[in-house]
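Structure below is target-v4.cif: mmCIF, C-alpha atoms, pLDDT in the B column; chains and numbers go by the auth columns.
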data_my_file
#
loop_
_atom_site.group_PDB
_atom_site.id
_atom_site.type_symbol
_atom_site.label_atom_id
_atom_site.label_comp_id
_atom_site.label_asym_id
_atom_site.label_seq_id
_atom_site.Cartn_x
_atom_site.Cartn_y
_atom_site.Cartn_z
_atom_site.B_iso_or_equiv
_atom_site.auth_seq_id
_atom_site.auth_asym_id
ATOM 1 C CA MET A 1 9.915 -2.805 3.962 39.00 1 A
ATOM 2 C CA ALA A 2 7.166 -2.158 5.902 40.00 2 A
ATOM 3 C CA CYS A 3 3.949 -0.975 5.233 41.00 3 A
ATOM 4 C CA SER A 4 2.497 -2.424 8.130 35.00 4 A
ATOM 5 C CA SER A 5 1.029 -0.231 10.402 34.00 5 A
ATOM 6 C CA GLY A 6 -2.094 1.365 10.883 33.00 6 A
ATOM 7 C CA GLY A 7 -0.407 3.514 8.547 34.00 7 A
ATOM 8 C CA GLY A 8 -2.374 4.563 5.707 36.00 8 A
ATOM 9 C CA SER A 9 -5.144 2.492 6.915 34.00 9 A
ATOM 10 C CA PRO A 10 -7.771 3.587 9.360 34.00 10 A
ATOM 11 C CA GLY A 11 -7.262 2.356 12.862 36.00 11 A
ATOM 12 C CA GLY A 12 -3.905 0.936 11.974 43.00 12 A
ATOM 13 C CA GLU A 13 -5.477 -1.890 10.095 48.00 13 A
ATOM 14 C CA GLY A 14 -2.773 -2.382 7.603 44.00 14 A
ATOM 15 C CA LYS A 15 0.446 -1.296 6.258 49.00 15 A
ATOM 16 C CA SER A 16 0.382 1.246 3.787 46.00 16 A
ATOM 17 C CA THR A 17 3.101 3.358 2.485 44.00 17 A
ATOM 18 C CA ARG A 18 5.908 4.790 4.323 45.00 18 A
ATOM 19 C CA ALA A 19 7.378 8.081 5.055 38.00 19 A
ATOM 20 C CA THR A 20 10.033 8.047 7.639 35.00 20 A
ATOM 21 C CA GLY A 21 11.588 11.171 6.364 36.00 21 A
ATOM 22 C CA GLY A 22 14.251 10.222 3.880 36.00 22 A
ATOM 23 C CA ALA A 23 12.597 11.979 0.987 37.00 23 A
ATOM 24 C CA PRO A 24 13.229 15.653 0.310 37.00 24 A
ATOM 25 C CA SER A 25 11.267 18.033 2.493 35.00 25 A
ATOM 26 C CA GLU A 26 10.620 20.337 -0.445 38.00 26 A
ATOM 27 C CA PRO A 27 8.484 19.244 -3.399 38.00 27 A
ATOM 28 C CA ALA A 28 10.595 17.605 -6.068 37.00 28 A
ATOM 29 C CA PRO A 29 10.305 18.742 -9.675 37.00 29 A
ATOM 30 C CA ASP A 30 7.738 16.807 -11.650 40.00 30 A
ATOM 31 C CA THR A 31 9.577 14.426 -13.940 35.00 31 A
ATOM 32 C CA THR A 32 6.747 12.073 -14.796 37.00 32 A
ATOM 33 C CA SER A 33 6.222 13.325 -18.324 37.00 33 A
ATOM 34 C CA GLY A 34 8.747 10.767 -19.627 37.00 34 A
ATOM 35 C CA ILE A 35 7.754 7.160 -19.982 34.00 35 A
ATOM 36 C CA GLU A 36 11.051 5.342 -19.416 39.00 36 A
ATOM 37 C CA ASP A 37 11.276 2.977 -16.431 41.00 37 A
ATOM 38 C CA THR A 38 7.531 3.000 -15.864 41.00 38 A
ATOM 39 C CA GLY A 39 6.610 -0.650 -16.074 52.00 39 A
ATOM 40 C CA ASP A 40 4.424 -1.465 -19.057 58.00 40 A
ATOM 41 C CA ILE A 41 2.542 1.861 -18.974 79.00 41 A
ATOM 42 C CA GLU A 42 2.959 4.332 -21.805 87.00 42 A
ATOM 43 C CA ALA A 43 1.484 7.291 -19.963 91.00 43 A
ATOM 44 C CA ASP A 44 -0.246 10.345 -21.367 93.00 44 A
ATOM 45 C CA PRO A 45 1.179 13.309 -19.394 93.00 45 A
ATOM 46 C CA ALA A 46 -2.171 15.079 -19.679 94.00 46 A
ATOM 47 C CA ARG A 47 -3.827 12.279 -17.702 95.00 47 A
ATOM 48 C CA LEU A 48 -1.435 12.443 -14.732 96.00 48 A
ATOM 49 C CA PRO A 49 -2.692 14.325 -11.630 96.00 49 A
ATOM 50 C CA THR A 50 -0.766 17.490 -10.786 95.00 50 A
ATOM 51 C CA SER A 51 -2.814 18.926 -7.893 95.00 51 A
ATOM 52 C CA ARG A 52 -4.172 17.574 -4.614 95.00 52 A
ATOM 53 C CA SER A 53 -7.768 17.633 -5.862 96.00 53 A
ATOM 54 C CA GLU A 54 -6.821 15.774 -9.042 97.00 54 A
ATOM 55 C CA ALA A 55 -4.822 13.266 -6.998 97.00 55 A
ATOM 56 C CA LEU A 56 -7.727 12.570 -4.632 96.00 56 A
ATOM 57 C CA ASP A 57 -10.051 12.049 -7.603 97.00 57 A
ATOM 58 C CA PHE A 58 -7.483 9.710 -9.151 97.00 58 A
ATOM 59 C CA ILE A 59 -7.200 7.687 -5.952 97.00 59 A
ATOM 60 C CA GLY A 60 -10.974 7.324 -5.826 97.00 60 A
ATOM 61 C CA ARG A 61 -10.896 5.696 -9.258 97.00 61 A
ATOM 62 C CA ILE A 62 -7.965 3.384 -8.503 97.00 62 A
ATOM 63 C CA ILE A 63 -8.216 2.192 -4.904 98.00 63 A
ATOM 64 C CA ALA A 64 -9.688 -1.222 -4.159 98.00 64 A
ATOM 65 C CA ASP A 65 -13.266 -1.787 -3.008 97.00 65 A
ATOM 66 C CA PRO A 66 -14.573 -4.960 -1.337 97.00 66 A
ATOM 67 C CA ALA A 67 -15.250 -6.685 -4.668 96.00 67 A
ATOM 68 C CA SER A 68 -11.605 -6.155 -5.637 97.00 68 A
ATOM 69 C CA PHE A 69 -10.612 -8.803 -3.077 97.00 69 A
ATOM 70 C CA GLY A 70 -13.378 -11.330 -3.552 91.00 70 A
ATOM 71 C CA PRO A 71 -17.038 -12.162 -2.929 91.00 71 A
ATOM 72 C CA ASP A 72 -16.877 -12.556 0.869 92.00 72 A
ATOM 73 C CA VAL A 73 -15.050 -9.301 1.655 97.00 73 A
ATOM 74 C CA THR A 74 -16.856 -6.478 3.459 98.00 74 A
ATOM 75 C CA ARG A 75 -16.028 -2.948 4.589 98.00 75 A
ATOM 76 C CA ARG A 76 -14.654 -2.342 8.049 96.00 76 A
ATOM 77 C CA THR A 77 -15.425 0.723 10.144 94.00 77 A
ATOM 78 C CA PRO A 78 -13.871 3.206 9.742 93.00 78 A
ATOM 79 C CA TYR A 79 -13.664 2.400 6.053 97.00 79 A
ATOM 80 C CA GLU A 80 -11.390 5.181 4.792 95.00 80 A
ATOM 81 C CA SER A 81 -8.424 6.851 6.406 91.00 81 A
ATOM 82 C CA ASP A 82 -8.043 10.574 6.947 90.00 82 A
ATOM 83 C CA PRO A 83 -6.245 11.831 3.804 85.00 83 A
ATOM 84 C CA ALA A 84 -4.505 14.460 5.956 88.00 84 A
ATOM 85 C CA THR A 85 -2.382 11.745 7.610 90.00 85 A
ATOM 86 C CA TRP A 86 -0.231 8.797 6.666 87.00 86 A
ATOM 87 C CA PRO A 87 1.802 6.198 8.572 91.00 87 A
ATOM 88 C CA VAL A 88 5.365 6.708 9.715 93.00 88 A
ATOM 89 C CA LEU A 89 7.544 4.030 11.301 94.00 89 A
ATOM 90 C CA GLY A 90 9.385 5.578 14.223 94.00 90 A
ATOM 91 C CA THR A 91 12.880 4.821 15.438 94.00 91 A
ATOM 92 C CA ASP A 92 11.202 2.668 18.120 95.00 92 A
ATOM 93 C CA CYS A 93 9.627 0.486 15.383 97.00 93 A
ATOM 94 C CA VAL A 94 6.148 1.705 16.314 96.00 94 A
ATOM 95 C CA TRP A 95 3.828 3.034 13.599 95.00 95 A
ATOM 96 C CA GLN A 96 2.163 6.397 14.065 93.00 96 A
ATOM 97 C CA GLN A 97 0.066 8.785 12.008 91.00 97 A
ATOM 98 C CA GLN A 98 1.671 12.008 10.824 92.00 98 A
ATOM 99 C CA LYS A 99 1.136 14.665 8.206 92.00 99 A
ATOM 100 C CA PRO A 100 2.204 13.484 4.726 92.00 100 A
ATOM 101 C CA MET A 101 5.489 14.819 3.407 89.00 101 A
ATOM 102 C CA ALA A 102 5.575 17.645 0.891 91.00 102 A
ATOM 103 C CA SER A 103 6.410 15.144 -1.848 92.00 103 A
ATOM 104 C CA VAL A 104 2.951 13.549 -1.485 96.00 104 A
ATOM 105 C CA LEU A 105 0.076 15.030 -3.474 96.00 105 A
ATOM 106 C CA ALA A 106 -2.498 12.754 -1.813 96.00 106 A
ATOM 107 C CA THR A 107 -2.843 9.369 -0.106 96.00 107 A
ATOM 108 C CA ARG A 108 -5.766 7.300 1.116 96.00 108 A
ATOM 109 C CA SER A 109 -6.354 3.833 2.521 95.00 109 A
ATOM 110 C CA ARG A 110 -9.357 1.604 3.039 97.00 110 A
ATOM 111 C CA SER A 111 -10.002 -1.231 5.485 97.00 111 A
ATOM 112 C CA PHE A 112 -11.808 -4.509 4.754 98.00 112 A
ATOM 113 C CA GLU A 113 -12.578 -7.845 6.368 97.00 113 A
ATOM 114 C CA VAL A 114 -13.451 -11.414 5.569 97.00 114 A
ATOM 115 C CA PRO A 115 -15.850 -11.999 8.483 97.00 115 A
ATOM 116 C CA ALA A 116 -15.353 -14.866 10.904 96.00 116 A
ATOM 117 C CA ALA A 117 -17.269 -17.984 9.842 95.00 117 A
ATOM 118 C CA ASP A 118 -17.260 -21.761 10.261 93.00 118 A
ATOM 119 C CA GLY A 119 -14.867 -21.634 13.188 94.00 119 A
ATOM 120 C CA LYS A 120 -12.389 -19.424 11.339 96.00 120 A
ATOM 121 C CA GLY A 121 -11.365 -15.961 12.521 96.00 121 A
ATOM 122 C CA PRO A 122 -11.745 -12.683 10.591 97.00 122 A
ATOM 123 C CA VAL A 123 -9.169 -11.753 7.959 97.00 123 A
ATOM 124 C CA ARG A 124 -8.232 -8.072 8.142 97.00 124 A
ATOM 125 C CA LEU A 125 -7.348 -6.445 4.826 98.00 125 A
ATOM 126 C CA SER A 126 -6.362 -2.978 3.680 97.00 126 A
ATOM 127 C CA ALA A 127 -5.516 -1.132 0.464 98.00 127 A
ATOM 128 C CA VAL A 128 -3.731 2.161 -0.050 96.00 128 A
ATOM 129 C CA VAL A 129 -2.913 4.393 -3.005 97.00 129 A
ATOM 130 C CA THR A 130 -0.426 7.265 -2.821 97.00 130 A
ATOM 131 C CA VAL A 131 0.158 9.903 -5.497 97.00 131 A
ATOM 132 C CA HIS A 132 3.586 11.530 -5.323 97.00 132 A
ATOM 133 C CA ARG A 133 4.722 14.666 -7.091 95.00 133 A
ATOM 134 C CA SER A 134 7.311 12.764 -9.118 94.00 134 A
ATOM 135 C CA ARG A 135 8.390 9.265 -10.040 93.00 135 A
ATOM 136 C CA GLU A 136 11.563 9.759 -8.011 94.00 136 A
ATOM 137 C CA ASP A 137 9.501 10.401 -4.883 95.00 137 A
ATOM 138 C CA ALA A 138 7.571 7.164 -5.441 94.00 138 A
ATOM 139 C CA GLN A 139 10.828 5.272 -5.983 92.00 139 A
ATOM 140 C CA TRP A 140 12.159 6.723 -2.744 93.00 140 A
ATOM 141 C CA GLU A 141 9.127 5.414 -0.901 92.00 141 A
ATOM 142 C CA MET A 142 9.808 1.927 -2.252 91.00 142 A
ATOM 143 C CA ALA A 143 13.444 2.104 -1.140 90.00 143 A
ATOM 144 C CA GLU A 144 12.421 3.221 2.336 91.00 144 A
ATOM 145 C CA SER A 145 10.025 0.305 2.558 90.00 145 A
ATOM 146 C CA VAL A 146 12.874 -2.162 2.107 88.00 146 A
ATOM 147 C CA GLU A 147 15.006 -0.320 4.652 90.00 147 A
ATOM 148 C CA GLU A 148 12.207 -0.427 7.205 92.00 148 A
ATOM 149 C CA THR A 149 11.943 -4.198 7.127 91.00 149 A
ATOM 150 C CA MET A 150 15.664 -4.565 7.700 91.00 150 A
ATOM 151 C CA ARG A 151 15.645 -1.937 10.450 94.00 151 A
ATOM 152 C CA CYS A 152 12.551 -3.249 12.223 96.00 152 A
ATOM 153 C CA PRO A 153 11.906 -6.984 11.702 95.00 153 A
ATOM 154 C CA THR A 154 9.316 -6.638 14.479 96.00 154 A
ATOM 155 C CA GLN A 155 6.878 -3.720 14.383 96.00 155 A
ATOM 156 C CA GLN A 156 3.931 -2.479 16.406 96.00 156 A
ATOM 157 C CA LEU A 157 1.000 -1.503 14.234 93.00 157 A
ATOM 158 C CA GLN A 158 -1.384 -0.135 16.798 87.00 158 A
ATOM 159 C CA LYS A 159 -1.935 -0.963 20.449 89.00 159 A
ATOM 160 C CA GLY A 160 -2.333 -4.717 20.785 92.00 160 A
ATOM 161 C CA GLU A 161 -1.075 -5.542 17.274 95.00 161 A
ATOM 162 C CA LEU A 162 2.405 -6.755 16.342 96.00 162 A
ATOM 163 C CA ILE A 163 3.976 -8.108 13.189 96.00 163 A
ATOM 164 C CA GLY A 164 7.283 -9.962 13.333 96.00 164 A
ATOM 165 C CA SER A 165 9.704 -12.338 11.621 95.00 165 A
ATOM 166 C CA LEU A 166 9.405 -10.002 8.626 94.00 166 A
ATOM 167 C CA VAL A 167 11.153 -10.899 5.381 93.00 167 A
ATOM 168 C CA ALA A 168 11.017 -8.684 2.305 89.00 168 A
ATOM 169 C CA ALA A 169 11.720 -9.343 -1.375 85.00 169 A
ATOM 170 C CA THR A 170 11.801 -7.008 -4.363 79.00 170 A
ATOM 171 C CA LEU A 171 10.890 -7.820 -7.940 65.00 171 A
ATOM 172 C CA PRO A 172 11.689 -5.176 -10.578 61.00 172 A
ATOM 173 C CA GLN A 173 9.700 -5.059 -13.767 59.00 173 A
ATOM 174 C CA GLY A 174 10.698 -7.822 -16.173 51.00 174 A
ATOM 175 C CA LYS A 175 12.042 -10.148 -13.478 58.00 175 A
ATOM 176 C CA GLY A 176 10.252 -13.361 -12.526 54.00 176 A
ATOM 177 C CA GLY A 177 7.331 -12.602 -14.806 56.00 177 A
ATOM 178 C CA GLN A 178 6.563 -9.300 -13.054 60.00 178 A
ATOM 179 C CA VAL A 179 5.202 -7.006 -15.778 62.00 179 A
ATOM 180 C CA ASN A 180 2.467 -5.036 -14.021 69.00 180 A
ATOM 181 C CA SER A 181 4.608 -2.334 -12.392 73.00 181 A
ATOM 182 C CA ALA A 182 8.042 -0.725 -12.526 77.00 182 A
ATOM 183 C CA ASP A 183 8.902 -2.193 -9.140 82.00 183 A
ATOM 184 C CA ALA A 184 7.202 -4.515 -6.657 86.00 184 A
ATOM 185 C CA LEU A 185 7.781 -5.486 -3.029 91.00 185 A
ATOM 186 C CA THR A 186 6.409 -8.349 -0.981 93.00 186 A
ATOM 187 C CA GLU A 187 6.737 -8.698 2.776 95.00 187 A
ATOM 188 C CA ILE A 188 5.716 -11.773 4.745 95.00 188 A
ATOM 189 C CA GLY A 189 5.794 -12.507 8.439 97.00 189 A
ATOM 190 C CA GLN A 190 3.627 -13.267 11.448 97.00 190 A
ATOM 191 C CA TYR A 191 0.769 -11.278 12.931 97.00 191 A
ATOM 192 C CA GLN A 192 -0.265 -11.254 16.583 97.00 192 A
ATOM 193 C CA SER A 193 -3.294 -9.556 18.109 95.00 193 A
ATOM 194 C CA SER A 194 -4.289 -9.113 21.734 94.00 194 A
ATOM 195 C CA THR A 195 -7.901 -9.824 20.712 92.00 195 A
ATOM 196 C CA LEU A 196 -7.486 -12.424 17.934 93.00 196 A
ATOM 197 C CA GLY A 197 -4.406 -14.261 19.172 93.00 197 A
ATOM 198 C CA GLY A 198 -1.668 -15.571 16.944 89.00 198 A
ATOM 199 C CA PRO A 199 0.815 -15.848 15.496 96.00 199 A
ATOM 200 C CA PHE A 200 -0.970 -15.958 12.147 97.00 200 A
ATOM 201 C CA PRO A 201 0.257 -15.412 8.573 97.00 201 A
ATOM 202 C CA TYR A 202 0.862 -11.837 7.469 97.00 202 A
ATOM 203 C CA VAL A 203 1.492 -10.443 3.978 97.00 203 A
ATOM 204 C CA TRP A 204 1.993 -7.000 2.480 96.00 204 A
ATOM 205 C CA GLN A 205 2.516 -6.032 -1.149 95.00 205 A
ATOM 206 C CA GLN A 206 3.464 -2.690 -2.651 95.00 206 A
ATOM 207 C CA ALA A 207 4.022 -1.731 -6.275 93.00 207 A
ATOM 208 C CA GLN A 208 5.229 1.435 -7.979 93.00 208 A
ATOM 209 C CA SER A 209 4.602 2.820 -11.451 93.00 209 A
ATOM 210 C CA LEU A 210 5.204 6.392 -12.543 94.00 210 A
ATOM 211 C CA GLN A 211 4.515 8.670 -9.547 95.00 211 A
ATOM 212 C CA PHE A 212 2.124 6.191 -7.910 96.00 212 A
ATOM 213 C CA THR A 213 2.377 3.468 -5.284 96.00 213 A
ATOM 214 C CA VAL A 214 -0.368 0.967 -4.502 97.00 214 A
ATOM 215 C CA ALA A 215 -0.317 -1.476 -1.605 97.00 215 A
ATOM 216 C CA VAL A 216 -2.404 -4.188 0.033 97.00 216 A
ATOM 217 C CA THR A 217 -2.145 -5.878 3.425 97.00 217 A
ATOM 218 C CA GLY A 218 -3.520 -9.158 4.714 97.00 218 A
ATOM 219 C CA LYS A 219 -3.598 -10.265 8.369 97.00 219 A
ATOM 220 C CA GLY A 220 -4.439 -13.869 9.112 96.00 220 A
ATOM 221 C CA ALA A 221 -6.563 -15.355 11.875 96.00 221 A
ATOM 222 C CA LYS A 222 -7.498 -18.699 13.386 96.00 222 A
ATOM 223 C CA GLY A 223 -7.988 -21.311 10.670 96.00 223 A
ATOM 224 C CA ARG A 224 -6.779 -19.027 7.867 95.00 224 A
ATOM 225 C CA THR A 225 -3.832 -20.038 5.688 94.00 225 A
ATOM 226 C CA GLY A 226 -1.106 -18.062 4.024 94.00 226 A
ATOM 227 C CA ASP A 227 -2.449 -19.198 0.658 95.00 227 A
ATOM 228 C CA GLU A 228 -5.788 -17.550 1.445 94.00 228 A
ATOM 229 C CA LEU A 229 -4.037 -14.260 2.216 95.00 229 A
ATOM 230 C CA ASP A 230 -1.952 -14.492 -0.950 95.00 230 A
ATOM 231 C CA GLU A 231 -5.024 -15.003 -3.122 95.00 231 A
ATOM 232 C CA LEU A 232 -6.918 -12.112 -1.560 96.00 232 A
ATOM 233 C CA THR A 233 -4.039 -9.644 -1.765 96.00 233 A
ATOM 234 C CA ASN A 234 -2.852 -10.725 -5.222 94.00 234 A
ATOM 235 C CA VAL A 235 -6.292 -10.198 -6.747 95.00 235 A
ATOM 236 C CA ALA A 236 -6.772 -6.758 -5.181 97.00 236 A
ATOM 237 C CA GLN A 237 -3.273 -5.581 -6.097 96.00 237 A
ATOM 238 C CA ALA A 238 -3.712 -6.700 -9.711 93.00 238 A
ATOM 239 C CA THR A 239 -7.073 -4.920 -9.877 96.00 239 A
ATOM 240 C CA MET A 240 -5.593 -1.620 -8.715 96.00 240 A
ATOM 241 C CA LEU A 241 -2.655 -1.852 -11.114 94.00 241 A
ATOM 242 C CA LEU A 242 -4.999 -2.508 -14.037 94.00 242 A
ATOM 243 C CA ARG A 243 -7.132 0.475 -13.031 96.00 243 A
ATOM 244 C CA LEU A 244 -4.014 2.625 -12.780 96.00 244 A
ATOM 245 C CA LYS A 245 -2.851 1.636 -16.245 93.00 245 A
ATOM 246 C CA SER A 246 -6.281 2.316 -17.742 94.00 246 A
ATOM 247 C CA ALA A 247 -6.432 5.732 -16.062 96.00 247 A
ATOM 248 C CA VAL A 248 -3.110 7.083 -17.338 95.00 248 A
ATOM 249 C CA GLU A 249 -2.096 5.290 -20.537 93.00 249 A
ATOM 250 C CA LYS A 250 -2.185 6.938 -23.921 89.00 250 A
ATOM 251 C CA GLN A 251 -5.369 6.399 -25.888 85.00 251 A
ATOM 252 C CA GLY A 252 -5.601 5.109 -29.440 70.00 252 A
#

Would you write the structure of this file as C-alpha cells?
Amino acid sequence: MACSSGGGSPGGEGKSTRATGGAPSEPAPDTTSGIEDTGDIEADPARLPTSRSEALDFIGRIIADPASFGPDVTRRTPYESDPATWPVLGTDCVWQQQKPMASVLATRSRSFEVPAADGKGPVRLSAVVTVHRSREDAQWEMAESVEETMRCPTQQLQKGELIGSLVAATLPQGKGGQVNSADALTEIGQYQSSTLGGPFPYVWQQAQSLQFTVAVTGKGAKGRTGDELDELTNVAQATMLLRLKSAVEKQG
C-alpha cells in the first residue's frame, strides 16, 4: 500500500499516492456528481474541480501546512513538489518520479520536519493531495496502494532511504469509528536512512472521498516514538479531510 517514496513529495521525502499503471490510460468519465459511497460528504457538484487549474487551486486550499501537524513543525526545502510529476513504484520496488496518469487532474505534495532537539533526531513529514477525474480513479489508487505493500514489503524511497517490514490495513467508512472518508489506509513499518540511521518507526496514511485522495507520511528518528508519529500524522490527516469536506459540501 505504499505511498512511500519520494513520490509525491519533494526529494522523496514521503509517500504519497501511487500510480503504477493499473488505472485506465484514457480519462475516465466524470461520475462524481452522485453522492453515494462518498463518506460523510454530501457534495455540491458545482464545487468539484473539473479542470487542472481548478484542481490546483483546490489542492492549495486543502493540503496541510506546518501548523496542520503541530506547533514544532517547520517547512523543509524544497517545500512543494513539482505538480508535473508524481511517484511510481517500479517492479524493482524502487520509487521514481514520472508524469501523472491521464486520470489525474492535479497532484501536489509538501515536505515538513520536526527539527532535531534535546538529543532527538529530526522527524520527516509529508502531505499530498491528488484530484482525480472521477471517484473510480481515486478508488483505483487506493486499491493499488494495498497491492503495492503486498508486492513490495521493502521499498527504496530515494537513494539512502529504505522502508521495510511494511504492514497495511484498510478501514472503510463506518467501520471502527472511521467516518471522515469513504475509505482509509494505514501502513506501518520501519525506516532506515544512510544519514540518520535506523531502523525507526514509519507510518503512512491515505484516505479517499469522492474523486480526492489525501495522504500523510511520518518517518521516525533517534529518540522518536511511534506514538509521536501517529499523533503528528493523525492531526494533519484530519485537518485535510475537514478542509476537503468544507470545500465541497452542499451549503445551507

Within-12 Å shell of (-2.3, 1.8, 23.1) in input frame, all atoms listed in the file, as a CSV table (one decimal) with C-alpha atoms, in the frame of the given file:
chain,number,residue,atom,x,y,z
A,11,GLY,CA,-7.3,2.4,12.9
A,12,GLY,CA,-3.9,0.9,12.0
A,94,VAL,CA,6.1,1.7,16.3
A,95,TRP,CA,3.8,3.0,13.6
A,96,GLN,CA,2.2,6.4,14.1
A,156,GLN,CA,3.9,-2.5,16.4
A,157,LEU,CA,1.0,-1.5,14.2
A,158,GLN,CA,-1.4,-0.1,16.8
A,159,LYS,CA,-1.9,-1.0,20.4
A,160,GLY,CA,-2.3,-4.7,20.8
A,161,GLU,CA,-1.1,-5.5,17.3
A,162,LEU,CA,2.4,-6.8,16.3
A,194,SER,CA,-4.3,-9.1,21.7

Go through the shown structure with the PyMOL selection byres ((chain A and resi 67) around 12) and write out the matching residues as a CSV table (one decimal) with C-alpha atoms, in the frame of the given file.
chain,number,residue,atom,x,y,z
A,63,ILE,CA,-8.2,2.2,-4.9
A,64,ALA,CA,-9.7,-1.2,-4.2
A,65,ASP,CA,-13.3,-1.8,-3.0
A,66,PRO,CA,-14.6,-5.0,-1.3
A,68,SER,CA,-11.6,-6.2,-5.6
A,69,PHE,CA,-10.6,-8.8,-3.1
A,70,GLY,CA,-13.4,-11.3,-3.6
A,71,PRO,CA,-17.0,-12.2,-2.9
A,72,ASP,CA,-16.9,-12.6,0.9
A,73,VAL,CA,-15.0,-9.3,1.7
A,74,THR,CA,-16.9,-6.5,3.5
A,75,ARG,CA,-16.0,-2.9,4.6
A,112,PHE,CA,-11.8,-4.5,4.8
A,113,GLU,CA,-12.6,-7.8,6.4
A,114,VAL,CA,-13.5,-11.4,5.6
A,232,LEU,CA,-6.9,-12.1,-1.6
A,233,THR,CA,-4.0,-9.6,-1.8
A,235,VAL,CA,-6.3,-10.2,-6.7
A,236,ALA,CA,-6.8,-6.8,-5.2
A,239,THR,CA,-7.1,-4.9,-9.9
A,240,MET,CA,-5.6,-1.6,-8.7

Any idea what's packed within 10 Å of Val214 (chain A), counting all atoms listed in the file, ignoring anything in its chain fewer than 5 positions away? Could you give it as a PDB file with C-alpha atoms, in the coordinates of the input?
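The resulting file, around_21.pdb, is reproduced below:
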ATOM      1  CA  SER A  16       0.382   1.246   3.787  1.00 46.00           C
ATOM      2  CA  THR A  17       3.101   3.358   2.485  1.00 44.00           C
ATOM      3  CA  ILE A  59      -7.200   7.687  -5.952  1.00 97.00           C
ATOM      4  CA  ILE A  62      -7.965   3.384  -8.503  1.00 97.00           C
ATOM      5  CA  ILE A  63      -8.216   2.192  -4.904  1.00 98.00           C
ATOM      6  CA  ALA A  64      -9.688  -1.222  -4.159  1.00 98.00           C
ATOM      7  CA  THR A 107      -2.843   9.369  -0.106  1.00 96.00           C
ATOM      8  CA  SER A 109      -6.354   3.833   2.521  1.00 95.00           C
ATOM      9  CA  ALA A 127      -5.516  -1.132   0.464  1.00 98.00           C
ATOM     10  CA  VAL A 128      -3.731   2.161  -0.050  1.00 96.00           C
ATOM     11  CA  VAL A 129      -2.913   4.393  -3.005  1.00 97.00           C
ATOM     12  CA  THR A 130      -0.426   7.265  -2.821  1.00 97.00           C
ATOM     13  CA  VAL A 131       0.158   9.903  -5.497  1.00 97.00           C
ATOM     14  CA  SER A 181       4.608  -2.334 -12.392  1.00 73.00           C
ATOM     15  CA  ALA A 184       7.202  -4.515  -6.657  1.00 86.00           C
ATOM     16  CA  GLN A 205       2.516  -6.032  -1.149  1.00 95.00           C
ATOM     17  CA  GLN A 206       3.464  -2.690  -2.651  1.00 95.00           C
ATOM     18  CA  ALA A 207       4.022  -1.731  -6.275  1.00 93.00           C
ATOM     19  CA  GLN A 208       5.229   1.435  -7.979  1.00 93.00           C
ATOM     20  CA  SER A 209       4.602   2.820 -11.451  1.00 93.00           C
ATOM     21  CA  GLN A 237      -3.273  -5.581  -6.097  1.00 96.00           C
ATOM     22  CA  ALA A 238      -3.712  -6.700  -9.711  1.00 93.00           C
ATOM     23  CA  MET A 240      -5.593  -1.620  -8.715  1.00 96.00           C
ATOM     24  CA  LEU A 241      -2.655  -1.852 -11.114  1.00 94.00           C
ATOM     25  CA  LEU A 244      -4.014   2.625 -12.780  1.00 96.00           C
TER      26      LEU A 244
END

Exercise. If the PyMOL selection byres ((chain A and resi 132) around 7) is run on the structure shown, which residues does it catch, given as JSON, numbers by chain?
Worked result: {"A": [103, 104, 105, 130, 131, 133, 134, 137, 138, 211, 212]}

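From CA of Ala168 (chain A) back to CA of Arg151 (chain A), the distance works out to 11.5 Å.
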
Seminar exercise, completed: note - CA of Pro49 (chain A) and CA of Asp82 (chain A) are separated by 19.7 Å

Problem set entry | Selected residue of minimal separation from Glu228 (chain A) among A:Arg124, A:Lys99, A:Arg76, A:Arg47, counting only C-alpha atoms | A:Arg124

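Proximity ranking of A:Gln190, A:Phe200, A:Gly164, A:Ala182 relative to Ile41 (chain A) places A:Ala182 first, based on all atoms listed in the file.
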
Problem set entry | Shell of 8 Å around Val123 (chain A), all atoms listed in the file, local chain residues under 4 positions omitted, as a list in words | Glu113, Val114, Pro115, Ala116, Gly218, Lys219, Gly220, Ala221 and Arg224 of chain A
